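**Q** First the structure, which I've put down as structure tokens, then a few questions once you've had a look.
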Amino acid sequence: MFFTYLRRELRRRRKAALVVASGLALGIALVIVVNSVSSGMGRAQDKVLQSLYGLGTDMTVTKAAEAPKAGATPGQRFKFGAKSGSDKQQSSDRVMVQGFQTLADSTVDKVGRQKGVAAAVGGLSLRVIKVDGQFKPGQFKQFKQTQGGETFHRGGAGGTADGGPQGKVEGGGADFNVDSYSVFGTDVTQRNLGPLTSSKITEGRTFKTSETNAEVAVADSAYAKEKKLSVGDKVTIKGTKYRIIGIATADSGDAAANLYLPLKQAQTLADAKADVTTVYVKATDSQQIGAVKSTIQKNISGTTVTTSADLASTVSGSLSTASDLAAGVGKWLSIVVLAAAFLVAGLLTSSAVSRRVREFGTLKAVGWTSGRVTRQVVGEAVVSGLLGGVLGIAVGLAGAWAVTAVSPTLTAQLGGGTGGGGGGGGFGGPMRRAVSQKSLDVALSAPVSLSTIALAVGLAVAGGLIAGAFGGWRASRLRPADALRRVE
Amino acid sequence: MYQLRGVTKQYRRGKDTIDALAGVDLTIGDGDRLVIQGPTGGGKSTLLQMLGGLDRPTSGSVELDGVDLARLPEARLTKVRAESIGFVFQSFNLIPTLTAQENVETALVPLGLKGPDRRERAADALTSVGLGERRGHLPAELSGGQQQRVAIARALVKKPKVLLADEPTGNLDESMRDEIMEVLAAQWKEHGLTFIMVTHDSSIARKAPRLATIRKGTIKVTENDKAA
Ligand SMILES: Nc1ncnc2c1ncn2[C@@H]1O[C@H](COP(=O)(O)OP(=O)(O)OP(=O)(O)O)[C@@H](O)[C@H]1O
Ligand SMILES: [Mg+2]
């Protein structure tokens, strides 16, 4: 009888059930969309951080910022064979450690020995400024006699001589190409940690563990495309020719460096033997990152430890605005809508009981217990709630799907005050680059997790029970004599 | 069967109290047929509610086979309603979303009757009131007379000791009135019930063997020897 009666009620009073169900559906759909967009934001943020760190890196260790000494940074000077009359193509590379702060190689082992550290690997970030081109002394040319219409040519470095014979210094000066790119020296013996892990080798191969000091390089795909490099080509840095063995494509479309070299090679290039800019650390337990951070900072002086949480707090731009929005407005909106839906469902169920006073009174007069009548009312409400849940899940999935289909682009700026100022100024290597200048575009998706669906089902049941409680309470208080009431 | 002593019922409406029953003493024997009449607002329905265990008196006792319904715990009173009392209402009070058959079955639900047994008994009850063919119809698809027959089937399907009817023909036109009265009389004879009915119809009242008249909460019973 319970199910027959329930089915009949829901079918024949479809409208009332639908109103209750759609209210709940709206709330549940909103919860699904907000939840999935939030987790999409989280994913986007992870992606941003991952592109800086590489997969699996929980924190980085860099040298703590020092007050810069005057003149500590050598001025940049490019030496060219300034032989007179030379017009040969010349090239000069200047290799600098990015951020100018390095740690001793031994720090890597020291960090690796700390409690809670699963793995530590060092990396050296370099910036190479390549200047190449022609350098020609100016040549004096006598003007031919022409009527009017003559043109004056000015050489870059030369100029028209006043007074002297009519003519000019032509072609003097230089035609330089200044090209700057980043190089990351990676520990080829530990390939599962560090920035290169956030890229996939899409052509060729990655470093072999034996290539600790080989003259080979992996190029980032974007850089390779720009410079028309392919596997087998050679790039020359400071006179050393590196054979490109592989092309790496960054997962998030933004690579940590343009070229990757074996760490030793990078150290030699930079004249920074036994130096690293950054130690990438993986913790044994991702829940203990905070503790590991303080252990390292306490035991190894002169270092700055940056966790992904620290870095995440420096993310700004539309991504962080949107994620604040999702966490704030979205969350509150869904709470308010859900609460309203629960209330409306409760009031509607309760008023439906009022309209059925005679019906329930009659059932009690016929011998139904209060419990049986109440169960019937609660049952109807729960089924309405579940109906709302199904509807809400459908609408919510459609909404989340729509967000993913449109995949609006969000921009993340990294840095904000923390990167440079305060005490935390030591992001080394690619992170420093990121901190100082990085702006990433991430496509927003709205992945719906099983737990979100479970939450939706739970909310539907809860909504049904709340509505049922309102109605059931009223129904339980009806007396059999209400069968004779002349309401309606 | 019934033994009522000093039954009063007061309804409170704000500051006012209404004495719907003002001290009713009444004895009804097994298999009796009692007709209750009286002016509107006299307390007829209130008395019927006391007899049916739908409500409790303010004071006094309502004994049914030696059990005082006024003091029975709710659970047991519910059981008495489920097993011993059949109630027929003026406005039929069928569940609008359930078919005739299902409406009758609602009376068997508290008795714990399961599936086929329950369906069979409900079908039999409907057949005995002449509605065997209309089992699958909704109340809205039946005439007033047919709806009241369904209600009678619902009241009698449990084979109660007592049938209480509160103006069962009040909402019906003349032709249906006689039809329903015939059905009720037939059922009363067949089941050997105690039958208590409230009516405004003086032609019915005249034929009743025992007639109770309620005025302003007080009862006066007259025996009618001429009636059959
Ligand atoms: N639930 C209630 N609350 C308040 N007063 C009530 C209630 N039920 C009945 N009354 C009052 O009690 C008195 C008796 O009512 P009752 O329904 O028993 O009369 P009745 O004889 O059945 O009248 P009718 O012929 O109109 O059905 C009336 O004055 C009525 O207004
Ligand atoms: Mg009445």
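Quick note on naming: the chains in the structure tokens go A, B, ... in the order shown, residues restart at 1 in each chain, and ligands are numbered from 1 in order of appearance.
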Using only C-alpha atoms and a distance of at most 6 Å, pull out the residues of chain B that contact chain A, as a compact mmCIF listing (two decimals) with all heavy atoms, in the first residue's frame.
**A**
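After the write, part_24.txt holds the following:
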# COMPACT_ATOMS: atom_id res chain seq x y z
N LEU B 54 -12.98 8.46 17.72
CA LEU B 54 -12.26 9.46 16.94
C LEU B 54 -11.81 10.61 17.83
O LEU B 54 -10.89 11.34 17.50
CB LEU B 54 -13.13 10.02 15.81
CG LEU B 54 -13.70 9.03 14.80
CD1 LEU B 54 -14.28 9.79 13.61
CD2 LEU B 54 -12.65 8.05 14.32
N ASP B 55 -12.47 10.76 18.95
CA ASP B 55 -12.13 11.83 19.87
C ASP B 55 -12.48 11.34 21.28
O ASP B 55 -13.20 10.35 21.43
CB ASP B 55 -12.91 13.10 19.52
CG ASP B 55 -12.16 14.36 19.92
OD1 ASP B 55 -11.17 14.25 20.69
OD2 ASP B 55 -12.55 15.45 19.46
N THR B 78 -6.40 3.29 18.58
CA THR B 78 -6.21 3.15 17.14
C THR B 78 -6.55 1.72 16.71
O THR B 78 -7.18 1.50 15.67
CB THR B 78 -4.73 3.46 16.76
OG1 THR B 78 -4.42 4.78 17.19
CG2 THR B 78 -4.50 3.36 15.27
N ARG B 81 -10.27 1.26 16.61
CA ARG B 81 -10.80 1.85 15.38
C ARG B 81 -10.56 0.94 14.18
O ARG B 81 -11.41 0.77 13.32
CB ARG B 81 -10.14 3.21 15.11
CG ARG B 81 -10.62 4.35 15.98
CD ARG B 81 -10.27 5.70 15.35
NE ARG B 81 -8.85 5.91 15.20
CZ ARG B 81 -8.06 6.51 16.09
NH1 ARG B 81 -8.58 6.95 17.23
NH2 ARG B 81 -6.78 6.66 15.87
N ALA B 82 -9.37 0.37 14.16
CA ALA B 82 -8.99 -0.46 13.01
C ALA B 82 -9.80 -1.75 12.95
O ALA B 82 -10.17 -2.21 11.88
CB ALA B 82 -7.50 -0.77 13.07
N THR B 97 -6.80 10.13 -4.78
CA THR B 97 -5.81 9.62 -5.73
C THR B 97 -5.84 8.10 -5.82
O THR B 97 -5.14 7.52 -6.65
CB THR B 97 -4.40 10.07 -5.33
OG1 THR B 97 -4.18 9.70 -3.97
CG2 THR B 97 -4.24 11.57 -5.47
N ALA B 107 -8.54 0.19 4.56
CA ALA B 107 -9.10 -0.24 5.85
C ALA B 107 -8.49 -1.56 6.30
O ALA B 107 -8.54 -1.90 7.48
CB ALA B 107 -10.61 -0.38 5.74
N PRO B 110 -4.22 -1.56 8.32
CA PRO B 110 -3.84 -1.65 9.73
C PRO B 110 -4.03 -3.05 10.31
O PRO B 110 -3.47 -3.36 11.35
CB PRO B 110 -4.78 -0.65 10.43
CG PRO B 110 -5.54 0.04 9.38
CD PRO B 110 -5.33 -0.64 8.08
**Q** Find the residues of chain B that sit at most 10 Å from ligand 2; for each, write down the nearest two atoms and how far apart they are in Å, to one decimal. Count only C-alpha atoms and all ligand atoms. Sort by chain, then by number going up, and give it as CSV.
**A**
residue,atom,partner,partner_atom_place_in_ligand_line,distance
B:Gln37,CA,ligand 2,1 (Mg),9.8
B:Gly38,CA,ligand 2,1 (Mg),9.7
B:Pro39,CA,ligand 2,1 (Mg),9.5
B:Thr40,CA,ligand 2,1 (Mg),7.0
B:Gly41,CA,ligand 2,1 (Mg),7.0
B:Gly42,CA,ligand 2,1 (Mg),8.3
B:Gly43,CA,ligand 2,1 (Mg),7.1
B:Lys44,CA,ligand 2,1 (Mg),5.6
B:Ser45,CA,ligand 2,1 (Mg),4.0
B:Thr46,CA,ligand 2,1 (Mg),7.2
B:Leu47,CA,ligand 2,1 (Mg),9.2
B:Leu48,CA,ligand 2,1 (Mg),8.7
B:Gln49,CA,ligand 2,1 (Mg),9.9
B:Phe89,CA,ligand 2,1 (Mg),9.6
B:Gln90,CA,ligand 2,1 (Mg),8.4
B:Asp166,CA,ligand 2,1 (Mg),6.7
B:Glu167,CA,ligand 2,1 (Mg),7.3
B:Gly170,CA,ligand 2,1 (Mg),9.9
B:Val198,CA,ligand 2,1 (Mg),7.8
B:Thr199,CA,ligand 2,1 (Mg),8.9
B:His200,CA,ligand 2,1 (Mg),9.7
**Q** For the selection just defined, write its residues with N, CA and C atoms to a file, as a PDB file, in the first residue's frame.
**A**
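Full text of result.pdb as output:
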ATOM      1  N   GLN B  37     -31.156  11.872  15.648  1.00  0.00           N
ATOM      2  CA  GLN B  37     -31.523  13.071  14.900  1.00  0.00           C
ATOM      3  C   GLN B  37     -31.495  14.274  15.827  1.00  0.00           C
ATOM      4  N   GLY B  38     -31.741  15.428  15.271  1.00  0.00           N
ATOM      5  CA  GLY B  38     -31.726  16.632  16.081  1.00  0.00           C
ATOM      6  C   GLY B  38     -31.338  17.821  15.238  1.00  0.00           C
ATOM      7  N   PRO B  39     -31.517  19.014  15.789  1.00  0.00           N
ATOM      8  CA  PRO B  39     -31.203  20.224  15.032  1.00  0.00           C
ATOM      9  C   PRO B  39     -29.698  20.340  14.784  1.00  0.00           C
ATOM     10  N   THR B  40     -29.391  21.138  13.806  1.00  0.00           N
ATOM     11  CA  THR B  40     -27.981  21.325  13.484  1.00  0.00           C
ATOM     12  C   THR B  40     -27.235  21.971  14.654  1.00  0.00           C
ATOM     13  N   GLY B  41     -26.055  21.522  14.905  1.00  0.00           N
ATOM     14  CA  GLY B  41     -25.264  22.035  16.029  1.00  0.00           C
ATOM     15  C   GLY B  41     -25.664  21.430  17.348  1.00  0.00           C
ATOM     16  N   GLY B  42     -26.554  20.437  17.329  1.00  0.00           N
ATOM     17  CA  GLY B  42     -27.045  19.837  18.571  1.00  0.00           C
ATOM     18  C   GLY B  42     -26.030  18.936  19.246  1.00  0.00           C
ATOM     19  N   GLY B  43     -25.107  18.378  18.466  1.00  0.00           N
ATOM     20  CA  GLY B  43     -24.085  17.515  19.069  1.00  0.00           C
ATOM     21  C   GLY B  43     -24.088  16.102  18.516  1.00  0.00           C
ATOM     22  N   LYS B  44     -24.796  15.882  17.408  1.00  0.00           N
ATOM     23  CA  LYS B  44     -24.905  14.531  16.845  1.00  0.00           C
ATOM     24  C   LYS B  44     -23.543  13.992  16.403  1.00  0.00           C
ATOM     25  N   SER B  45     -22.867  14.800  15.602  1.00  0.00           N
ATOM     26  CA  SER B  45     -21.553  14.342  15.113  1.00  0.00           C
ATOM     27  C   SER B  45     -20.579  14.134  16.259  1.00  0.00           C
ATOM     28  N   THR B  46     -20.681  15.018  17.248  1.00  0.00           N
ATOM     29  CA  THR B  46     -19.782  14.906  18.391  1.00  0.00           C
ATOM     30  C   THR B  46     -19.997  13.579  19.109  1.00  0.00           C
ATOM     31  N   LEU B  47     -21.259  13.198  19.290  1.00  0.00           N
ATOM     32  CA  LEU B  47     -21.564  11.939  19.959  1.00  0.00           C
ATOM     33  C   LEU B  47     -21.006  10.760  19.152  1.00  0.00           C
ATOM     34  N   LEU B  48     -21.186  10.839  17.834  1.00  0.00           N
ATOM     35  CA  LEU B  48     -20.707   9.760  16.978  1.00  0.00           C
ATOM     36  C   LEU B  48     -19.182   9.605  17.062  1.00  0.00           C
ATOM     37  N   GLN B  49     -18.497  10.762  17.188  1.00  0.00           N
ATOM     38  CA  GLN B  49     -17.035  10.716  17.326  1.00  0.00           C
ATOM     39  C   GLN B  49     -16.621  10.024  18.616  1.00  0.00           C
ATOM     40  N   PHE B  89     -18.887   8.559   6.367  1.00  0.00           N
ATOM     41  CA  PHE B  89     -18.976  10.012   6.513  1.00  0.00           C
ATOM     42  C   PHE B  89     -19.978  10.598   5.526  1.00  0.00           C
ATOM     43  N   GLN B  90     -20.469  11.774   5.894  1.00  0.00           N
ATOM     44  CA  GLN B  90     -21.417  12.461   5.021  1.00  0.00           C
ATOM     45  C   GLN B  90     -20.791  12.767   3.657  1.00  0.00           C
ATOM     46  N   ASP B 166     -22.515   9.014   9.722  1.00  0.00           N
ATOM     47  CA  ASP B 166     -22.895  10.394  10.021  1.00  0.00           C
ATOM     48  C   ASP B 166     -23.521  11.018   8.777  1.00  0.00           C
ATOM     49  N   GLU B 167     -24.842  11.069   8.799  1.00  0.00           N
ATOM     50  CA  GLU B 167     -25.589  11.581   7.649  1.00  0.00           C
ATOM     51  C   GLU B 167     -25.074  11.009   6.330  1.00  0.00           C
ATOM     52  N   GLY B 170     -26.609  12.602   3.367  1.00  0.00           N
ATOM     53  CA  GLY B 170     -26.707  14.061   3.415  1.00  0.00           C
ATOM     54  C   GLY B 170     -26.246  14.761   2.151  1.00  0.00           C
ATOM     55  N   VAL B 198     -26.669   8.845  12.102  1.00  0.00           N
ATOM     56  CA  VAL B 198     -27.201  10.193  12.269  1.00  0.00           C
ATOM     57  C   VAL B 198     -27.913  10.558  10.977  1.00  0.00           C
ATOM     58  N   THR B 199     -29.120  11.112  11.112  1.00  0.00           N
ATOM     59  CA  THR B 199     -29.810  11.528   9.886  1.00  0.00           C
ATOM     60  C   THR B 199     -30.705  12.723  10.132  1.00  0.00           C
ATOM     61  N   HIS B 200     -30.911  13.486   9.088  1.00  0.00           N
ATOM     62  CA  HIS B 200     -31.863  14.587   9.125  1.00  0.00           C
ATOM     63  C   HIS B 200     -33.186  14.175   8.513  1.00  0.00           C
TER      64      HIS B 200
END
**Q** Out of stretch 65-145 of chain B, which residues get alpha helix (DSSP H) from DSSP, as a PyMOL selection string?
**A** chain B and resi 74-84+100-105+115-128+144-145
**Q** Only N, CA, C and O atoms, please: the residues just picked out, written as a compact mmCIF listing (two decimals), in the first residue's frame.
**A**
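Written out: out.txt:
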# COMPACT_ATOMS: atom_id res chain seq x y z
N GLU B 74 -3.57 5.82 23.26
CA GLU B 74 -3.78 6.12 21.84
C GLU B 74 -3.57 4.88 20.93
O GLU B 74 -4.36 4.62 20.03
N ALA B 75 -2.51 4.14 21.21
CA ALA B 75 -2.20 3.00 20.35
C ALA B 75 -3.34 1.97 20.36
O ALA B 75 -3.71 1.43 19.33
N ARG B 76 -3.89 1.75 21.56
CA ARG B 76 -4.97 0.75 21.65
C ARG B 76 -6.26 1.28 21.07
O ARG B 76 -7.05 0.52 20.49
N LEU B 77 -6.45 2.59 21.22
CA LEU B 77 -7.64 3.20 20.64
C LEU B 77 -7.59 3.09 19.11
O LEU B 77 -8.59 2.79 18.45
N THR B 78 -6.40 3.29 18.58
CA THR B 78 -6.21 3.15 17.14
C THR B 78 -6.55 1.72 16.71
O THR B 78 -7.18 1.50 15.67
N LYS B 79 -6.16 0.76 17.54
CA LYS B 79 -6.43 -0.63 17.22
C LYS B 79 -7.94 -0.91 17.24
O LYS B 79 -8.46 -1.63 16.38
N VAL B 80 -8.64 -0.31 18.23
CA VAL B 80 -10.08 -0.47 18.29
C VAL B 80 -10.73 0.08 17.02
O VAL B 80 -11.60 -0.56 16.42
N ARG B 81 -10.27 1.26 16.61
CA ARG B 81 -10.80 1.85 15.38
C ARG B 81 -10.56 0.94 14.18
O ARG B 81 -11.41 0.77 13.32
N ALA B 82 -9.37 0.37 14.16
CA ALA B 82 -8.99 -0.46 13.01
C ALA B 82 -9.80 -1.75 12.95
O ALA B 82 -10.17 -2.21 11.88
N GLU B 83 -10.09 -2.33 14.14
CA GLU B 83 -10.70 -3.66 14.14
C GLU B 83 -12.20 -3.66 14.33
O GLU B 83 -12.91 -4.47 13.72
N SER B 84 -12.72 -2.75 15.18
CA SER B 84 -14.10 -2.90 15.62
C SER B 84 -15.08 -1.89 15.05
O SER B 84 -16.29 -2.09 15.17
N ALA B 100 -11.17 2.90 -6.30
CA ALA B 100 -12.18 2.35 -5.39
C ALA B 100 -11.60 1.17 -4.63
O ALA B 100 -11.70 1.09 -3.40
N GLN B 101 -11.00 0.28 -5.37
CA GLN B 101 -10.40 -0.92 -4.78
C GLN B 101 -9.36 -0.54 -3.72
O GLN B 101 -9.37 -1.05 -2.60
N GLU B 102 -8.47 0.39 -4.07
CA GLU B 102 -7.41 0.77 -3.14
C GLU B 102 -7.97 1.50 -1.92
O GLU B 102 -7.46 1.34 -0.80
N ASN B 103 -9.02 2.29 -2.13
CA ASN B 103 -9.65 2.96 -1.00
C ASN B 103 -10.17 1.94 0.00
O ASN B 103 -10.01 2.11 1.21
N VAL B 104 -10.80 0.89 -0.51
CA VAL B 104 -11.32 -0.14 0.39
C VAL B 104 -10.16 -0.84 1.10
O VAL B 104 -10.22 -1.13 2.30
N GLU B 105 -9.07 -1.04 0.35
CA GLU B 105 -7.91 -1.73 0.93
C GLU B 105 -7.27 -0.95 2.09
O GLU B 105 -6.67 -1.55 2.98
N GLY B 115 -1.05 -8.50 0.42
CA GLY B 115 -1.38 -8.57 -1.01
C GLY B 115 -2.66 -9.24 -1.46
O GLY B 115 -3.72 -8.63 -1.39
N PRO B 116 -2.58 -10.49 -1.90
CA PRO B 116 -3.71 -11.14 -2.57
C PRO B 116 -4.93 -11.23 -1.66
O PRO B 116 -6.06 -10.97 -2.10
N ASP B 117 -4.70 -11.58 -0.39
CA ASP B 117 -5.78 -11.71 0.58
C ASP B 117 -6.55 -10.40 0.70
O ASP B 117 -7.79 -10.36 0.68
N ARG B 118 -5.74 -9.33 0.80
CA ARG B 118 -6.32 -8.00 0.97
C ARG B 118 -7.12 -7.60 -0.26
O ARG B 118 -8.24 -7.10 -0.17
N ARG B 119 -6.56 -7.88 -1.42
CA ARG B 119 -7.24 -7.52 -2.67
C ARG B 119 -8.55 -8.28 -2.82
O ARG B 119 -9.57 -7.73 -3.21
N GLU B 120 -8.51 -9.54 -2.45
CA GLU B 120 -9.70 -10.37 -2.61
C GLU B 120 -10.83 -9.88 -1.71
O GLU B 120 -11.97 -9.72 -2.14
N ARG B 121 -10.47 -9.60 -0.46
CA ARG B 121 -11.51 -9.14 0.47
C ARG B 121 -12.09 -7.81 0.05
O ARG B 121 -13.29 -7.57 0.16
N ALA B 122 -11.22 -6.91 -0.43
CA ALA B 122 -11.69 -5.60 -0.87
C ALA B 122 -12.61 -5.74 -2.07
O ALA B 122 -13.67 -5.10 -2.16
N ALA B 123 -12.23 -6.64 -2.99
CA ALA B 123 -13.04 -6.86 -4.18
C ALA B 123 -14.41 -7.42 -3.79
O ALA B 123 -15.44 -6.99 -4.31
N ASP B 124 -14.41 -8.36 -2.85
CA ASP B 124 -15.68 -8.93 -2.38
C ASP B 124 -16.57 -7.87 -1.77
O ASP B 124 -17.79 -7.84 -2.02
N ALA B 125 -15.95 -6.98 -0.95
CA ALA B 125 -16.73 -5.93 -0.30
C ALA B 125 -17.35 -5.01 -1.35
O ALA B 125 -18.52 -4.61 -1.22
N LEU B 126 -16.59 -4.70 -2.39
CA LEU B 126 -17.12 -3.83 -3.44
C LEU B 126 -18.24 -4.53 -4.20
O LEU B 126 -19.25 -3.90 -4.55
N THR B 127 -18.09 -5.82 -4.43
CA THR B 127 -19.13 -6.57 -5.12
C THR B 127 -20.42 -6.57 -4.29
O THR B 127 -21.52 -6.40 -4.82
N SER B 128 -20.28 -6.70 -2.98
CA SER B 128 -21.47 -6.78 -2.13
C SER B 128 -22.22 -5.45 -2.07
O SER B 128 -23.39 -5.43 -1.72
N GLY B 144 -21.95 10.37 -6.78
CA GLY B 144 -21.98 10.50 -5.32
C GLY B 144 -22.44 9.22 -4.66
O GLY B 144 -21.82 8.76 -3.70
N GLY B 145 -23.51 8.62 -5.19
CA GLY B 145 -24.03 7.37 -4.62
C GLY B 145 -23.00 6.26 -4.69
O GLY B 145 -22.82 5.49 -3.74
**Q** What is the atom CA of B:Ala165-atom CA of B:Val150 distance in Å, reported with one decimal?
**A**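 One can read the atom CA of B:Ala165 to atom CA of B:Val150 distance as 13.5 Å.
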**Q** Write out as JSON, numbers by chain all residues of stretch 17-183 of chain B that DSSP puts in strand (DSSP E or B) for this structure's backbone.
**A** {"B": [17, 18, 19, 20, 21, 22, 23, 24, 25, 26, 27, 28, 33, 34, 35, 36, 37, 59, 60, 61, 62, 63, 64, 67, 68, 85, 86, 87, 88, 162, 163, 164, 165, 166]}
**Q** Take the residues that were just selected and, keeping N, CA, C and O atoms, output them as a short mmCIF file (atom, residue, chain, number, x, y, z; two decimals), in the first residue's frame.
**A**
data_model
loop_
_atom_site.label_atom_id
_atom_site.label_comp_id
_atom_site.auth_asym_id
_atom_site.auth_seq_id
_atom_site.Cartn_x
_atom_site.Cartn_y
_atom_site.Cartn_z
N THR B 17 -16.20 28.55 25.55
CA THR B 17 -16.25 27.10 25.52
C THR B 17 -17.66 26.71 25.08
O THR B 17 -18.65 27.29 25.53
N ILE B 18 -17.68 25.74 24.17
CA ILE B 18 -18.96 25.28 23.66
C ILE B 18 -19.22 23.89 24.23
O ILE B 18 -18.39 22.99 24.13
N ASP B 19 -20.37 23.75 24.84
CA ASP B 19 -20.74 22.44 25.36
C ASP B 19 -21.45 21.67 24.28
O ASP B 19 -22.67 21.79 24.10
N ALA B 20 -20.68 20.88 23.53
CA ALA B 20 -21.28 20.11 22.44
C ALA B 20 -22.08 18.94 23.00
O ALA B 20 -23.13 18.57 22.48
N LEU B 21 -21.59 18.35 24.09
CA LEU B 21 -22.33 17.31 24.80
C LEU B 21 -22.35 17.70 26.27
O LEU B 21 -21.32 18.01 26.85
N ALA B 22 -23.55 17.68 26.84
CA ALA B 22 -23.66 18.13 28.23
C ALA B 22 -24.24 17.01 29.09
O ALA B 22 -25.37 17.09 29.56
N GLY B 23 -23.46 15.97 29.27
CA GLY B 23 -23.89 14.87 30.13
C GLY B 23 -24.82 13.89 29.44
O GLY B 23 -26.05 13.94 29.62
N VAL B 24 -24.26 13.01 28.67
CA VAL B 24 -25.06 12.04 27.93
C VAL B 24 -24.92 10.66 28.57
O VAL B 24 -23.82 10.17 28.82
N ASP B 25 -26.07 10.04 28.91
CA ASP B 25 -26.09 8.64 29.35
C ASP B 25 -26.83 7.86 28.29
O ASP B 25 -27.91 8.26 27.86
N LEU B 26 -26.22 6.75 27.86
CA LEU B 26 -26.84 5.99 26.77
C LEU B 26 -26.35 4.56 26.80
O LEU B 26 -25.19 4.28 27.06
N THR B 27 -27.28 3.64 26.58
CA THR B 27 -26.90 2.24 26.48
C THR B 27 -27.36 1.73 25.12
O THR B 27 -28.49 1.99 24.70
N ILE B 28 -26.47 1.05 24.43
CA ILE B 28 -26.81 0.48 23.13
C ILE B 28 -26.45 -1.00 23.16
O ILE B 28 -25.33 -1.37 23.52
N ARG B 33 -30.15 -1.10 16.36
CA ARG B 33 -30.13 -0.12 15.29
C ARG B 33 -30.66 1.17 15.88
O ARG B 33 -31.83 1.25 16.25
N LEU B 34 -29.77 2.16 16.00
CA LEU B 34 -30.14 3.43 16.62
C LEU B 34 -30.03 4.55 15.61
O LEU B 34 -29.02 4.67 14.91
N VAL B 35 -31.07 5.36 15.52
CA VAL B 35 -31.03 6.53 14.64
C VAL B 35 -30.95 7.77 15.53
O VAL B 35 -31.68 7.88 16.51
N ILE B 36 -30.03 8.64 15.20
CA ILE B 36 -29.88 9.87 15.97
C ILE B 36 -30.30 11.03 15.09
O ILE B 36 -29.89 11.14 13.92
N GLN B 37 -31.16 11.87 15.65
CA GLN B 37 -31.52 13.07 14.90
C GLN B 37 -31.50 14.27 15.83
O GLN B 37 -31.26 14.15 17.03
N SER B 59 -15.35 14.69 29.85
CA SER B 59 -15.52 13.89 31.06
C SER B 59 -16.52 12.78 30.78
O SER B 59 -17.18 12.77 29.75
N GLY B 60 -16.62 11.83 31.70
CA GLY B 60 -17.52 10.70 31.51
C GLY B 60 -16.80 9.53 30.87
O GLY B 60 -15.60 9.61 30.57
N SER B 61 -17.53 8.43 30.70
CA SER B 61 -16.90 7.25 30.14
C SER B 61 -17.70 6.70 28.97
O SER B 61 -18.92 6.79 28.94
N VAL B 62 -16.97 6.18 28.00
CA VAL B 62 -17.58 5.56 26.83
C VAL B 62 -17.08 4.12 26.78
O VAL B 62 -15.97 3.85 26.32
N GLU B 63 -17.87 3.22 27.31
CA GLU B 63 -17.42 1.83 27.35
C GLU B 63 -17.92 1.07 26.13
O GLU B 63 -19.09 1.09 25.80
N LEU B 64 -16.98 0.40 25.48
CA LEU B 64 -17.35 -0.48 24.38
C LEU B 64 -16.93 -1.89 24.80
O LEU B 64 -15.74 -2.17 24.98
N VAL B 67 -14.67 -1.87 27.74
CA VAL B 67 -13.41 -1.11 27.67
C VAL B 67 -13.75 0.37 27.53
O VAL B 67 -14.52 0.76 26.64
N ASP B 68 -13.18 1.19 28.43
CA ASP B 68 -13.49 2.62 28.38
C ASP B 68 -12.62 3.32 27.33
O ASP B 68 -11.41 3.51 27.53
N ILE B 85 -14.56 -0.79 14.49
CA ILE B 85 -15.48 0.27 14.13
C ILE B 85 -15.40 0.61 12.65
O ILE B 85 -14.32 0.79 12.09
N GLY B 86 -16.56 0.67 12.03
CA GLY B 86 -16.63 1.13 10.65
C GLY B 86 -17.31 2.48 10.63
O GLY B 86 -18.33 2.67 11.28
N PHE B 87 -16.71 3.43 9.92
CA PHE B 87 -17.25 4.78 9.93
C PHE B 87 -17.62 5.19 8.51
O PHE B 87 -16.82 5.03 7.59
N VAL B 88 -18.83 5.74 8.35
CA VAL B 88 -19.23 6.28 7.05
C VAL B 88 -19.51 7.76 7.21
O VAL B 88 -20.24 8.16 8.12
N VAL B 162 -19.29 -2.53 14.96
CA VAL B 162 -20.18 -1.38 14.94
C VAL B 162 -20.03 -0.64 13.61
O VAL B 162 -18.92 -0.47 13.11
N LEU B 163 -21.16 -0.20 13.08
CA LEU B 163 -21.10 0.68 11.91
C LEU B 163 -21.68 2.03 12.32
O LEU B 163 -22.82 2.12 12.78
N LEU B 164 -20.89 3.06 12.19
CA LEU B 164 -21.32 4.40 12.53
C LEU B 164 -21.42 5.20 11.24
O LEU B 164 -20.49 5.21 10.44
N ALA B 165 -22.57 5.84 11.04
CA ALA B 165 -22.75 6.61 9.80
C ALA B 165 -23.27 7.99 10.15
O ALA B 165 -24.30 8.13 10.81
N ASP B 166 -22.52 9.01 9.72
CA ASP B 166 -22.90 10.39 10.02
C ASP B 166 -23.52 11.02 8.78
O ASP B 166 -22.81 11.42 7.86
#
**Q** Can you tell me which residues surround A:Gly123 at a distance of at most 8 Å, considering only C-alpha atoms, apart from same-chain residues fewer than 2 positions away, and format the answer as a ChimeraX atom specification?
**A** /A:121,125,184-187,194,263,276-280,429
**Q** Tell me, as a PyMOL selection string, which residues lie within 8 Å of A:Ser318, counting only C-alpha atoms; anything in the same chain fewer than 6 positions away does not count.
**A** chain A and resi 410-412
**Q** Since we have the selection now, will you write its residues out, keeping N, CA and C atoms, as a short mmCIF file (atom, residue, chain, number, x, y, z; two decimals), in the first residue's frame?
**A**
data_model
loop_
_atom_site.label_atom_id
_atom_site.label_comp_id
_atom_site.auth_asym_id
_atom_site.auth_seq_id
_atom_site.Cartn_x
_atom_site.Cartn_y
_atom_site.Cartn_z
N LEU A 410 41.43 31.98 -18.20
CA LEU A 410 41.74 32.81 -17.04
C LEU A 410 43.23 33.08 -17.05
N THR A 411 43.57 34.24 -16.56
CA THR A 411 44.98 34.59 -16.52
C THR A 411 45.46 34.56 -15.08
N ALA A 412 46.62 33.97 -14.90
CA ALA A 412 47.19 33.96 -13.56
C ALA A 412 48.48 34.75 -13.58
#
